[in-house]
Amino acid sequence: MLSCPQFSITVQPPSSPSPGRATEQQCLNLLHSTSSLPKLLQALAFLLKSGLHSNLLVLTRFAAAAGFLGPVATATAAALLFSPCYSPLHLYDSFLLNTVLQSLSPSPLHPLSLFSLMLRLRLSPNHFTFPFLLKAIAALPSPLPAASLVHASALRFGLVRDSFVQNTLIHAYAAAGGVAALDLARKVFDETPKSSPVTFSAMIGGYILSGRSNDAVALFRQMQLTNIRPDDVTILTILSACVDLGALDLTEWLKSYIERVKIPKSLYLCNALVDALAKCGDVDSAMEVFDEMPERNIVSWTSVIDGLAMHGRGVEAVQVFEDMKNTGVEPDAVAFIGVLKACSHGGLVRDGRRYFNSMTREFEIEPRIEHYGCMVDLFSRAGKVEEAMEFVRAMPIKPNPVIWRTLIAACRVYGRLELGEKVTKQLIKEEPLYGSNYILLSNFYALNRRWEKKWEIRKSMEGQGMRKVPGFSSFELNGEIYEFVAGGEKKKLSQFQEIYEMVEEIAKKLKGAGYMATTSEILLDIDEEDKEDALHWHSEKLAIAFALLKTPPGTKIRIVKNLRVCGDCHSATKFISKVYQREIVVRDRSRFHCFKDGICSCKDFW
DNA sequence: GTAGGGTTAG
């Protein structure tokens, strides 16, 4: 038997039945026209007064109507349906409970409560029950236990081969996230006899939700080998994996696929495409798609603004923001994040300040921590470290670690070592369990040449089993994503020897061209074992070396990184772009860097 | 009466 949380809802008992009773038809008509909670409550009163609360058809219609109106209405319906003072439980059928289940998410009722009621009443769940049930379960905060219980139950009722059940089961496991749940999802997926785009989308979406975009793309490739065609939802889903990975080739393929097989270009799909193109590095193509959209909403505009911002094209982003306002689209909080980011990455301090002030003055949008973060970044990037500090002090909300890290980066770039050290210590006090914070501090020690201090930190981190977030870079070649990690992992790559030699060759050529390692960022206390962590072997350099080897001369190279570009990689890449006559586009944690002829589009502020 | 989906500071 299922165990589950109990629900308790009370309603007033009905007043004595009034003489003039409404007919069933009248009640159904009223429910049919229900479009708001007050109307539903009116219908409820009507229903009670007429003594129709034990009419199964009316109750079912009532539950369905409530489901349209959201959680409060669902709770109201549940109150009537399950209140002890009515309990016409002997009347209930599977259809009614299915209808309630269908309207459950989100709701204060646990789906398993209803399911167990159903079983208690000896009502057989049918092939409608499980999809409804699993959909509601997928919306729970931690769906895994409920999902496996229901999975077992579906098996018992012999309904696990139903494709709707399978798809929702995959979705529910995927929504749970984590290795174990994803394995369970995959198991159901693999056992599905008749897959459809829905099956694939559910599984692909699961990988993406768990941050495994590589697996998502791999599965998408596998799908292409079948005769199941990706549909609009599959495309929308896989596009977010493209964003994650910066997979431009795949994004462009999807764009032409949409045209070729005439996938309906919904607003959502176009928005996702614009966003993916921009975030994968082709903001001009993103703008073309945007220009051709028959209708646009705030998301479409924000995607373009944000895309331009990431490319440092602040002036254009600001122009698009103004165009948006002129078109009559009111900016929202997210659009402001976009335009503030544009100002910060484009060095437009005055505009940024103006937009920030306009949020409250013109649009009555209360700035959130993200907006304050943008302002701190705006001042920091522009080298106005004092102003950034002052801004943080005057903030009405408590600064969070992101804000501190923004300041710390500014202190490092602008050589404010003492201040940087102080702020880093403050950060560590607030976030003592995050390994990378200690690395920040140890870097300040290194910059000050206080090696003992630096080693102390490294040792204590090791003692506590702490690690920094490992840096990695990736490069897309013939639709395949190659990942590079600094240090030990790289040996896994079969072409390692080749890359190793290429890195050496690059180093030689750069030296010849006058490149010197950025000593302020080399933490030169490296001992023998640690050699592989040296700047030479940063994942980004490995990826570039690989790209130079594998692509024809003159073609553009696109690299994606998970961290910010370090100072030395940045200057080395500038040299490489010149020496090898290659345009190199690097997407890092915060923006795009386009290296060409020895110059970077970020103008060395990042 | 049934399934899979979307922009957010570093």
# chains A, B, ... in the order shown; residues from 1 in each chain; ligands from 1

$ interface_residues --of "chain A" --to "chain B" --cutoff "7 Å" --atoms "only C-alpha atoms (C1' of nucleotides)" --output "VMD selection string"
chain A and resid 128 131 to 132 164 167 to 168 198 to 199 201 to 202 233 236 to 237 268 272 299 302 to 303 334 337 370 to 371 373 to 374 402 405 to 406 590

$ residues_around --residues "Lys574 in chain A" --least-positions-apart "5" --cutoff "9 Å" --atoms "only C-alpha atoms (C1' of nucleotides)" --output "ChimeraX atom specification"
/A:569,579,584,595-600

$ residues_around --residues "Arg353 in chain A" --least-positions-apart "5" --cutoff "10 Å" --atoms "only C-alpha atoms (C1' of nucleotides)" --output "JSON, numbers by chain"
{"A": [340, 343, 344, 348, 358, 375, 378, 379]}

$ write_last_selection --atoms "N, CA, C and O atoms" --output "CSV table (one decimal), in the first residue's frame"
chain,number,residue,atom,x,y,z
A,340,LEU,N,22.0,46.9,-18.7
A,340,LEU,CA,23.1,47.3,-17.7
A,340,LEU,C,24.4,46.5,-18.1
A,340,LEU,O,25.5,47.0,-18.0
A,343,CYS,N,26.0,48.1,-20.9
A,343,CYS,CA,26.8,49.3,-20.6
A,343,CYS,C,28.1,48.9,-19.9
A,343,CYS,O,29.1,49.5,-20.2
A,344,SER,N,28.0,47.9,-19.1
A,344,SER,CA,29.2,47.5,-18.4
A,344,SER,C,30.2,46.9,-19.3
A,344,SER,O,31.4,47.3,-19.3
A,348,LEU,N,30.1,51.9,-21.0
A,348,LEU,CA,29.2,53.1,-21.0
A,348,LEU,C,28.8,53.4,-19.6
A,348,LEU,O,27.6,53.2,-19.3
A,358,SER,N,16.8,55.1,-13.9
A,358,SER,CA,15.4,55.1,-14.6
A,358,SER,C,14.6,54.0,-14.1
A,358,SER,O,13.4,54.0,-14.3
A,375,MET,N,25.9,47.0,-11.7
A,375,MET,CA,26.5,48.4,-11.4
A,375,MET,C,27.9,48.2,-10.9
A,375,MET,O,28.8,48.9,-11.3
A,378,LEU,N,29.9,47.4,-13.7
A,378,LEU,CA,30.1,48.6,-14.5
A,378,LEU,C,31.3,49.5,-14.1
A,378,LEU,O,32.1,49.8,-14.8
A,379,PHE,N,31.2,49.8,-12.8
A,379,PHE,CA,32.3,50.6,-12.2
A,379,PHE,C,33.6,49.8,-12.2
A,379,PHE,O,34.7,50.4,-12.5

$ decode --residues "range 249-272 of chain A" --atoms "N, CA and C atoms" --output "mmCIF file, in the first residue's frame"
data_model
loop_
_atom_site.group_PDB
_atom_site.id
_atom_site.type_symbol
_atom_site.label_atom_id
_atom_site.label_comp_id
_atom_site.auth_asym_id
_atom_site.auth_seq_id
_atom_site.Cartn_x
_atom_site.Cartn_y
_atom_site.Cartn_z
ATOM 1 N N ASP A 249 27.805 25.341 -34.684
ATOM 2 C CA ASP A 249 27.489 24.530 -35.867
ATOM 3 C C ASP A 249 26.121 23.875 -35.729
ATOM 4 N N LEU A 250 25.890 23.289 -34.564
ATOM 5 C CA LEU A 250 24.619 22.605 -34.345
ATOM 6 C C LEU A 250 23.464 23.603 -34.381
ATOM 7 N N THR A 251 23.664 24.763 -33.769
ATOM 8 C CA THR A 251 22.608 25.779 -33.769
ATOM 9 C C THR A 251 22.265 26.184 -35.195
ATOM 10 N N GLU A 252 23.289 26.358 -36.002
ATOM 11 C CA GLU A 252 23.036 26.753 -37.380
ATOM 12 C C GLU A 252 22.358 25.645 -38.174
ATOM 13 N N TRP A 253 22.756 24.422 -37.860
ATOM 14 C CA TRP A 253 22.096 23.291 -38.502
ATOM 15 C C TRP A 253 20.604 23.286 -38.156
ATOM 16 N N LEU A 254 20.312 23.536 -36.865
ATOM 17 C CA LEU A 254 18.914 23.547 -36.417
ATOM 18 C C LEU A 254 18.130 24.646 -37.118
ATOM 19 N N LYS A 255 18.795 25.779 -37.295
ATOM 20 C CA LYS A 255 18.145 26.907 -37.965
ATOM 21 C C LYS A 255 17.733 26.499 -39.384
ATOM 22 N N SER A 256 18.638 25.852 -40.096
ATOM 23 C CA SER A 256 18.289 25.489 -41.467
ATOM 24 C C SER A 256 17.304 24.316 -41.492
ATOM 25 N N TYR A 257 17.401 23.463 -40.481
ATOM 26 C CA TYR A 257 16.437 22.351 -40.379
ATOM 27 C C TYR A 257 15.017 22.890 -40.226
ATOM 28 N N ILE A 258 14.879 23.927 -39.384
ATOM 29 C CA ILE A 258 13.572 24.546 -39.163
ATOM 30 C C ILE A 258 12.984 25.028 -40.494
ATOM 31 N N GLU A 259 13.844 25.647 -41.308
ATOM 32 C CA GLU A 259 13.403 26.117 -42.618
ATOM 33 C C GLU A 259 13.047 24.940 -43.529
ATOM 34 N N ARG A 260 13.949 23.963 -43.556
ATOM 35 C CA ARG A 260 13.837 22.866 -44.507
ATOM 36 C C ARG A 260 12.583 22.037 -44.303
ATOM 37 N N VAL A 261 12.326 21.660 -43.050
ATOM 38 C CA VAL A 261 11.158 20.797 -42.846
ATOM 39 C C VAL A 261 9.948 21.597 -42.376
ATOM 40 N N LYS A 262 10.096 22.920 -42.451
ATOM 41 C CA LYS A 262 8.971 23.810 -42.138
ATOM 42 C C LYS A 262 8.390 23.580 -40.750
ATOM 43 N N ILE A 263 9.270 23.586 -39.758
ATOM 44 C CA ILE A 263 8.820 23.550 -38.367
ATOM 45 C C ILE A 263 8.106 24.880 -38.104
ATOM 46 N N PRO A 264 6.931 24.833 -37.507
ATOM 47 C CA PRO A 264 6.236 26.102 -37.245
ATOM 48 C C PRO A 264 7.099 27.030 -36.379
ATOM 49 N N LYS A 265 7.270 28.264 -36.865
ATOM 50 C CA LYS A 265 8.159 29.179 -36.133
ATOM 51 C C LYS A 265 7.373 29.948 -35.075
ATOM 52 N N SER A 266 7.164 29.286 -33.961
ATOM 53 C CA SER A 266 6.432 29.929 -32.874
ATOM 54 C C SER A 266 7.309 31.008 -32.243
ATOM 55 N N LEU A 267 6.675 31.848 -31.471
ATOM 56 C CA LEU A 267 7.412 32.891 -30.770
ATOM 57 C C LEU A 267 8.502 32.273 -29.886
ATOM 58 N N TYR A 268 8.122 31.221 -29.167
ATOM 59 C CA TYR A 268 9.079 30.570 -28.275
ATOM 60 C C TYR A 268 10.283 30.042 -29.045
ATOM 61 N N LEU A 269 9.988 29.374 -30.157
ATOM 62 C CA LEU A 269 11.064 28.763 -30.927
ATOM 63 C C LEU A 269 12.005 29.838 -31.468
ATOM 64 N N CYS A 270 11.446 30.905 -31.997
ATOM 65 C CA CYS A 270 12.285 31.987 -32.520
ATOM 66 C C CYS A 270 13.108 32.626 -31.402
ATOM 67 N N ASN A 271 12.486 32.837 -30.268
ATOM 68 C CA ASN A 271 13.223 33.408 -29.140
ATOM 69 C C ASN A 271 14.411 32.531 -28.766
ATOM 70 N N ALA A 272 14.147 31.231 -28.699
ATOM 71 C CA ALA A 272 15.213 30.305 -28.319
ATOM 72 C C ALA A 272 16.331 30.327 -29.366
#
